[in-house]
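*Asks:* Below: one structure in structure tokens.
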Amino acid sequence: MLVTSKKLFQIAKEKHFAIPSANFVDMDSLKWHLETAEELNLPIIISLAESHLNRLITIEDAATMAKIWGEQAKVPVVLHLDHGQSFEMCKKAIDLGFTSVMIDGSMKPFEENVAITKKVIEYAHDKGVVVEAEIGHVGSNEVESDNDIYTTVEEATKFVEQTGVDSLAVSIGTAHGLYKGTPKINFDRLHELAAAVSAPLVLHGGSSSGDENLHRCATEGIAKINVYSDFMVASAKSVYALAPKEAEVEDYYTYKAAAKKGMQDMLKHVYELFATQSVTL
């Protein structure tokens, strides 16, 4: 069933688990994520990042198939726009049928972040869609100077009060992309934020953040964790692990099956780390 994340996050907060926000980049990864969720009877947030648009999939095609498959699913499915950069992009996703959007104003001054978030919320809530925003900035491991700006309790509480945002992405030590080592998570800050902020908390940069770190985040205050790079790497590794040989017609199907297994095995591992539980709505 296609739903918003509102009730899911309430349950996740109460029962101390997180729901994976699994990024998809094409029809295959979308379908594989949904198949895994149904196999395990667990809720899922299928996320399409604005930065991934038009490389392998358009937002129109994604919305069409995600709505069909999401509505057919026996488990709760949220269709989410990840890291929307403008009101116009969030509006487009909402109009196409996304049930959740993120407006990322984290690099803007506080007042501008509040203003654009409120604008998106006004439009989204009128359509029954939920909104995620970000305070602090989760950097990228691919950009050496792009360091995290940790979320403060004061700014987070003020932001939620002024916007009424449905969920809040916070920065506590993770980064987008892959790590050379294991990041150091500021769990003290997480606990402070979880205690003070009324909105469910979201963590970006889940890939390669360390199994123990992710399990603790999921069970100590984070309701949703985003994963992208780990799926791409796991899928590719499964293909690379196949024995090299002379190319044959059937190899396309063999490679596709290997890619599918790698991605689905990773999502199963992610569900276990996040202690995700079945949800009845």
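Following the order of the structure tokens, chains are lettered A, B, ..., residues in each are numbered from 1, and ligands are numbered from 1.
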Compile a residue-level contact table for stretch 49-136 of chain A against stretch 159-171 of chain A at a cut-off of 12 Å, reporting for every qualifying residue the shortest atom pair and its distance in Å to one decimal, with only C-alpha atoms counted, rows ordered by chain and ascending number, as JSON lines.

*Replies:*
{"residue": "A:Asp82", "atom": "CA", "partner": "A:Ala169", "partner_atom": "CA", "distance": 11.1}
{"residue": "A:His83", "atom": "CA", "partner": "A:Ala169", "partner_atom": "CA", "distance": 10.5}
{"residue": "A:Ser100", "atom": "CA", "partner": "A:Asp166", "partner_atom": "CA", "distance": 9.6}
{"residue": "A:Val101", "atom": "CA", "partner": "A:Asp166", "partner_atom": "CA", "distance": 10.1}
{"residue": "A:Met102", "atom": "CA", "partner": "A:Ser167", "partner_atom": "CA", "distance": 9.1}
{"residue": "A:Ile103", "atom": "CA", "partner": "A:Val165", "partner_atom": "CA", "distance": 10.2}
{"residue": "A:Asp104", "atom": "CA", "partner": "A:Ala169", "partner_atom": "CA", "distance": 9.2}
{"residue": "A:Gly105", "atom": "CA", "partner": "A:Ala169", "partner_atom": "CA", "distance": 10.9}
{"residue": "A:Ser106", "atom": "CA", "partner": "A:Ala169", "partner_atom": "CA", "distance": 9.3}
{"residue": "A:Pro109", "atom": "CA", "partner": "A:Phe159", "partner_atom": "CA", "distance": 11.8}
{"residue": "A:Phe110", "atom": "CA", "partner": "A:Phe159", "partner_atom": "CA", "distance": 8.1}
{"residue": "A:Glu111", "atom": "CA", "partner": "A:Phe159", "partner_atom": "CA", "distance": 9.1}
{"residue": "A:Glu112", "atom": "CA", "partner": "A:Phe159", "partner_atom": "CA", "distance": 11.1}
{"residue": "A:Asn113", "atom": "CA", "partner": "A:Phe159", "partner_atom": "CA", "distance": 8.7}
{"residue": "A:Val114", "atom": "CA", "partner": "A:Thr163", "partner_atom": "CA", "distance": 6.2}
{"residue": "A:Ala115", "atom": "CA", "partner": "A:Thr163", "partner_atom": "CA", "distance": 8.1}
{"residue": "A:Ile116", "atom": "CA", "partner": "A:Thr163", "partner_atom": "CA", "distance": 9.5}
{"residue": "A:Thr117", "atom": "CA", "partner": "A:Thr163", "partner_atom": "CA", "distance": 6.7}
{"residue": "A:Lys118", "atom": "CA", "partner": "A:Thr163", "partner_atom": "CA", "distance": 5.4}
{"residue": "A:Lys119", "atom": "CA", "partner": "A:Thr163", "partner_atom": "CA", "distance": 9.2}
{"residue": "A:Val120", "atom": "CA", "partner": "A:Val165", "partner_atom": "CA", "distance": 9.6}
{"residue": "A:Ile121", "atom": "CA", "partner": "A:Val165", "partner_atom": "CA", "distance": 7.0}
{"residue": "A:Glu122", "atom": "CA", "partner": "A:Thr163", "partner_atom": "CA", "distance": 9.6}
{"residue": "A:Ala124", "atom": "CA", "partner": "A:Val165", "partner_atom": "CA", "distance": 10.7}
{"residue": "A:His125", "atom": "CA", "partner": "A:Asp166", "partner_atom": "CA", "distance": 9.8}
{"residue": "A:Gly128", "atom": "CA", "partner": "A:Asp166", "partner_atom": "CA", "distance": 11.7}
{"residue": "A:Val129", "atom": "CA", "partner": "A:Asp166", "partner_atom": "CA", "distance": 9.7}
{"residue": "A:Val130", "atom": "CA", "partner": "A:Asp166", "partner_atom": "CA", "distance": 6.0}
{"residue": "A:Val131", "atom": "CA", "partner": "A:Asp166", "partner_atom": "CA", "distance": 5.4}
{"residue": "A:Glu132", "atom": "CA", "partner": "A:Ser167", "partner_atom": "CA", "distance": 4.8}
{"residue": "A:Ala133", "atom": "CA", "partner": "A:Leu168", "partner_atom": "CA", "distance": 5.3}
{"residue": "A:Glu134", "atom": "CA", "partner": "A:Ala169", "partner_atom": "CA", "distance": 4.4}
{"residue": "A:Ile135", "atom": "CA", "partner": "A:Val170", "partner_atom": "CA", "distance": 5.7}
{"residue": "A:Gly136", "atom": "CA", "partner": "A:Ser171", "partner_atom": "CA", "distance": 5.4}

*Asks:* Please identify the strand (DSSP E) residues within stretch 67-167 of chain A (assignment by DSSP from backbone atoms) and present them as a CSV table (one decimal) with all heavy atoms, in the first residue's frame.

*Replies:*
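So the final result, stored in selection08.csv, reads:
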chain,number,residue,atom,x,y,z
A,77,VAL,N,4.4,1.3,1.8
A,77,VAL,CA,5.4,1.9,0.9
A,77,VAL,C,5.3,3.4,0.9
A,77,VAL,O,4.2,3.9,0.6
A,77,VAL,CB,5.3,1.3,-0.5
A,77,VAL,CG1,6.3,1.9,-1.4
A,77,VAL,CG2,5.5,-0.2,-0.5
A,78,VAL,N,6.4,4.1,1.1
A,78,VAL,CA,6.4,5.6,1.0
A,78,VAL,C,7.2,5.9,-0.2
A,78,VAL,O,8.3,5.4,-0.4
A,78,VAL,CB,7.0,6.2,2.2
A,78,VAL,CG1,7.1,7.7,2.1
A,78,VAL,CG2,6.3,5.8,3.5
A,79,LEU,N,6.7,6.7,-1.1
A,79,LEU,CA,7.4,7.2,-2.3
A,79,LEU,C,7.9,8.6,-2.0
A,79,LEU,O,7.2,9.6,-1.8
A,79,LEU,CB,6.5,7.2,-3.5
A,79,LEU,CG,7.1,7.8,-4.8
A,79,LEU,CD1,8.4,7.1,-5.2
A,79,LEU,CD2,6.1,7.8,-5.9
A,80,HIS,N,9.3,8.7,-1.9
A,80,HIS,CA,9.9,9.9,-1.3
A,80,HIS,C,10.8,10.6,-2.3
A,80,HIS,O,11.7,9.9,-2.9
A,80,HIS,CB,10.6,9.5,0.0
A,80,HIS,CG,11.4,10.6,0.6
A,80,HIS,ND1,10.8,11.7,1.3
A,80,HIS,CD2,12.8,10.9,0.7
A,80,HIS,CE1,11.7,12.5,1.8
A,80,HIS,NE2,12.9,12.0,1.4
A,81,LEU,N,10.7,11.9,-2.4
A,81,LEU,CA,11.7,12.7,-3.2
A,81,LEU,C,12.8,13.1,-2.2
A,81,LEU,O,12.6,13.7,-1.2
A,81,LEU,CB,11.1,14.0,-3.7
A,81,LEU,CG,12.1,14.9,-4.4
A,81,LEU,CD1,12.7,14.3,-5.7
A,81,LEU,CD2,11.5,16.3,-4.7
A,82,ASP,N,14.1,12.6,-2.5
A,82,ASP,CA,15.2,12.9,-1.6
A,82,ASP,C,16.0,14.1,-2.1
A,82,ASP,O,16.3,14.3,-3.3
A,82,ASP,CB,16.1,11.6,-1.6
A,82,ASP,CG,17.1,11.6,-0.5
A,82,ASP,OD1,16.9,12.3,0.5
A,82,ASP,OD2,18.1,10.9,-0.7
A,83,HIS,N,16.3,15.0,-1.1
A,83,HIS,CA,17.2,16.2,-1.4
A,83,HIS,C,16.6,17.0,-2.5
A,83,HIS,O,17.3,17.4,-3.5
A,83,HIS,CB,18.6,15.8,-1.7
A,83,HIS,CG,19.3,15.3,-0.5
A,83,HIS,ND1,19.8,16.1,0.5
A,83,HIS,CD2,19.7,14.0,-0.1
A,83,HIS,CE1,20.4,15.4,1.5
A,83,HIS,NE2,20.3,14.1,1.1
A,84,GLY,N,15.3,17.3,-2.5
A,84,GLY,CA,14.8,18.3,-3.4
A,84,GLY,C,15.4,19.7,-3.2
A,84,GLY,O,15.5,20.1,-2.0
A,100,SER,N,5.8,11.8,-0.1
A,100,SER,CA,6.7,12.5,0.8
A,100,SER,C,7.8,13.2,0.0
A,100,SER,O,8.2,12.7,-1.0
A,100,SER,CB,7.4,11.4,1.7
A,100,SER,OG,8.4,12.0,2.5
A,101,VAL,N,8.2,14.4,0.4
A,101,VAL,CA,9.2,15.1,-0.2
A,101,VAL,C,10.2,15.7,0.8
A,101,VAL,O,9.8,16.1,1.9
A,101,VAL,CB,8.7,16.3,-1.1
A,101,VAL,CG1,7.9,15.7,-2.3
A,101,VAL,CG2,7.9,17.3,-0.3
A,102,MET,N,11.4,15.8,0.4
A,102,MET,CA,12.4,16.5,1.2
A,102,MET,C,12.8,17.8,0.5
A,102,MET,O,13.2,17.8,-0.7
A,102,MET,CB,13.7,15.7,1.4
A,102,MET,CG,14.8,16.4,2.2
A,102,MET,SD,16.4,15.6,2.2
A,102,MET,CE,17.3,16.6,3.4
A,103,ILE,N,12.7,18.9,1.2
A,103,ILE,CA,13.3,20.2,0.7
A,103,ILE,C,14.5,20.4,1.5
A,103,ILE,O,14.5,20.5,2.7
A,103,ILE,CB,12.3,21.4,0.9
A,103,ILE,CG1,12.9,22.7,0.4
A,103,ILE,CG2,11.7,21.5,2.3
A,103,ILE,CD1,13.2,22.7,-1.1
A,130,VAL,N,3.6,14.6,3.1
A,130,VAL,CA,4.5,15.0,4.3
A,130,VAL,C,5.8,15.5,3.8
A,130,VAL,O,6.2,15.3,2.6
A,130,VAL,CB,4.7,13.8,5.2
A,130,VAL,CG1,3.4,13.3,5.9
A,130,VAL,CG2,5.5,12.7,4.5
A,131,VAL,N,6.5,16.3,4.6
A,131,VAL,CA,7.7,17.0,4.2
A,131,VAL,C,8.8,16.8,5.2
A,131,VAL,O,8.6,16.8,6.5
A,131,VAL,CB,7.4,18.6,4.1
A,131,VAL,CG1,8.7,19.3,3.8
A,131,VAL,CG2,6.3,18.8,3.1
A,132,GLU,N,10.0,16.5,4.7
A,132,GLU,CA,11.2,16.4,5.5
A,132,GLU,C,12.1,17.6,5.2
A,132,GLU,O,12.1,18.1,4.0
A,132,GLU,CB,11.9,15.1,5.1
A,132,GLU,CG,13.3,15.0,5.7
A,132,GLU,CD,14.1,13.8,5.2
A,132,GLU,OE1,13.4,12.8,4.8
A,132,GLU,OE2,15.3,13.8,5.1
A,133,ALA,N,12.8,18.1,6.1
A,133,ALA,CA,13.8,19.2,5.9
A,133,ALA,C,15.0,18.8,6.7
A,133,ALA,O,15.1,17.8,7.4
A,133,ALA,CB,13.2,20.5,6.4
A,134,GLU,N,16.1,19.7,6.6
A,134,GLU,CA,17.3,19.4,7.2
A,134,GLU,C,17.9,20.6,7.9
A,134,GLU,O,17.9,21.7,7.4
A,134,GLU,CB,18.4,18.9,6.2
A,134,GLU,CG,19.7,18.5,6.8
A,134,GLU,CD,20.6,17.8,5.7
A,134,GLU,OE1,20.1,17.1,4.9
A,134,GLU,OE2,21.8,18.0,5.8
A,135,ILE,N,18.4,20.4,9.1
A,135,ILE,CA,19.1,21.4,9.9
A,135,ILE,C,20.5,20.9,10.2
A,135,ILE,O,20.7,19.7,10.7
A,135,ILE,CB,18.4,21.8,11.2
A,135,ILE,CG1,17.3,22.7,10.9
A,135,ILE,CG2,19.3,22.4,12.2
A,135,ILE,CD1,17.7,24.1,10.5
A,167,SER,N,9.3,15.7,9.5
A,167,SER,CA,10.5,15.0,10.0
A,167,SER,C,11.7,15.8,9.7
A,167,SER,O,11.7,16.7,8.8
A,167,SER,CB,10.6,13.6,9.3
A,167,SER,OG,10.7,13.7,7.9

*Asks:* What gap, in Å, lies between atom CA of A:Leu40 and atom CA of A:Met266?

*Replies:*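 These two atoms are separated by 13.1 Å.
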
*Asks:* Any idea what's packed within 10 Å of A:Pro43, counting only C-alpha atoms, ignoring anything in its chain fewer than 4 positions away? Could you give it as a list of chain:residue names?

*Replies:*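 Close residues of A:Pro43: A:Met1, A:Ser5, A:Leu8, A:Ile19, A:Pro20, A:Ser21, A:Leu34, A:Ala37, A:Glu38, A:Ala73, A:Lys74, A:Val75, A:Pro76, A:Val77, A:Val78, A:Tyr271, A:Thr276, A:Gln277, A:Ser278, A:Val279, A:Thr280.
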
*Asks:* Could you please determine the separation between atom CA of A:Leu281 and atom CA of A:Glu39 in Å, to one decimal place?

*Replies:*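 Atom CA of A:Leu281 sits 17.9 Å away from atom CA of A:Glu39.
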
*Asks:* Give the helix (DSSP H, G or I) residues of stretch 87-270 of chain A, as DSSP finds them on the backbone, and put them as a PyMOL selection string.

*Replies:* chain A and resi 87-96+110-126+153-163+187-196+211-219+229-240+251-270

*Asks:* Keeping only C-alpha atoms, write those residues as a short mmCIF file (atom, residue, chain, number, x, y, z; two decimals), in the first residue's frame.

*Replies:*
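See out-v9.cif below for the written result:
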data_model
loop_
_atom_site.label_atom_id
_atom_site.label_comp_id
_atom_site.auth_asym_id
_atom_site.auth_seq_id
_atom_site.Cartn_x
_atom_site.Cartn_y
_atom_site.Cartn_z
CA PHE A 87 10.04 24.47 -4.30
CA GLU A 88 9.42 23.78 -7.99
CA MET A 89 10.95 20.30 -7.85
CA CYS A 90 9.06 19.41 -4.67
CA LYS A 91 5.81 20.67 -6.23
CA LYS A 92 6.45 18.56 -9.32
CA ALA A 93 7.00 15.43 -7.24
CA ILE A 94 3.86 16.10 -5.21
CA ASP A 95 1.79 16.65 -8.34
CA LEU A 96 3.11 13.38 -9.79
CA PHE A 110 18.38 29.64 8.94
CA GLU A 111 15.67 32.15 8.00
CA GLU A 112 15.79 31.16 4.32
CA ASN A 113 15.64 27.48 5.22
CA VAL A 114 12.57 28.15 7.34
CA ALA A 115 10.90 30.19 4.59
CA ILE A 116 11.33 27.65 1.78
CA THR A 117 10.37 24.77 4.07
CA LYS A 118 7.15 26.53 5.08
CA LYS A 119 6.35 27.18 1.42
CA VAL A 120 6.76 23.51 0.54
CA ILE A 121 4.79 22.42 3.62
CA GLU A 122 1.88 24.69 2.77
CA TYR A 123 1.58 23.14 -0.68
CA ALA A 124 2.32 19.56 0.41
CA HIS A 125 -0.01 19.38 3.39
CA ASP A 126 -2.89 20.66 1.27
CA VAL A 153 19.43 21.35 19.74
CA GLU A 154 18.54 25.03 19.82
CA GLU A 155 18.31 25.38 16.04
CA ALA A 156 16.51 22.06 15.60
CA THR A 157 13.79 22.85 18.13
CA LYS A 158 13.35 26.37 16.82
CA PHE A 159 13.16 25.11 13.23
CA VAL A 160 10.47 22.53 13.99
CA GLU A 161 8.45 25.06 16.00
CA GLN A 162 8.59 27.65 13.22
CA THR A 163 7.87 25.29 10.30
CA PHE A 187 25.52 9.87 20.18
CA ASP A 188 25.31 12.42 22.97
CA ARG A 189 24.01 14.94 20.46
CA LEU A 190 21.60 12.36 19.05
CA HIS A 191 20.16 11.70 22.50
CA GLU A 192 19.80 15.44 23.16
CA LEU A 193 18.02 15.96 19.85
CA ALA A 194 15.73 12.96 20.32
CA ALA A 195 14.70 14.24 23.74
CA ALA A 196 14.11 17.84 22.68
CA ASP A 211 27.04 -1.74 11.64
CA GLU A 212 27.20 -0.90 15.33
CA ASN A 213 26.76 2.82 14.64
CA LEU A 214 23.72 2.23 12.46
CA HIS A 215 22.09 -0.16 14.91
CA ARG A 216 22.57 2.31 17.74
CA CYS A 217 21.20 5.21 15.68
CA ALA A 218 18.14 3.16 14.75
CA THR A 219 17.41 2.10 18.31
CA SER A 229 26.05 3.89 -1.91
CA ASP A 230 25.99 0.52 -0.11
CA PHE A 231 23.33 -0.75 -2.53
CA MET A 232 25.31 0.33 -5.58
CA VAL A 233 28.55 -1.22 -4.32
CA ALA A 234 26.93 -4.49 -3.19
CA SER A 235 25.25 -4.88 -6.56
CA ALA A 236 28.45 -4.20 -8.50
CA LYS A 237 30.52 -6.53 -6.30
CA SER A 238 28.15 -9.39 -7.04
CA VAL A 239 28.66 -8.86 -10.75
CA TYR A 240 32.44 -8.53 -10.44
CA ASP A 251 25.30 -13.32 -19.70
CA TYR A 252 22.97 -10.32 -19.61
CA TYR A 253 20.51 -12.31 -17.50
CA THR A 254 23.32 -13.74 -15.37
CA TYR A 255 24.75 -10.30 -14.62
CA LYS A 256 21.33 -8.87 -13.90
CA ALA A 257 20.55 -11.71 -11.47
CA ALA A 258 23.87 -11.19 -9.71
CA ALA A 259 23.25 -7.44 -9.39
CA LYS A 260 19.79 -8.12 -7.99
CA LYS A 261 21.07 -10.58 -5.38
CA GLY A 262 23.78 -8.19 -4.20
CA MET A 263 21.35 -5.32 -3.76
CA GLN A 264 18.67 -7.41 -2.09
CA ASP A 265 21.12 -9.07 0.30
CA MET A 266 22.29 -5.60 1.34
CA LEU A 267 18.74 -4.42 2.02
CA LYS A 268 18.11 -7.52 4.14
CA HIS A 269 21.24 -6.68 6.12
CA VAL A 270 20.09 -3.08 6.49
#
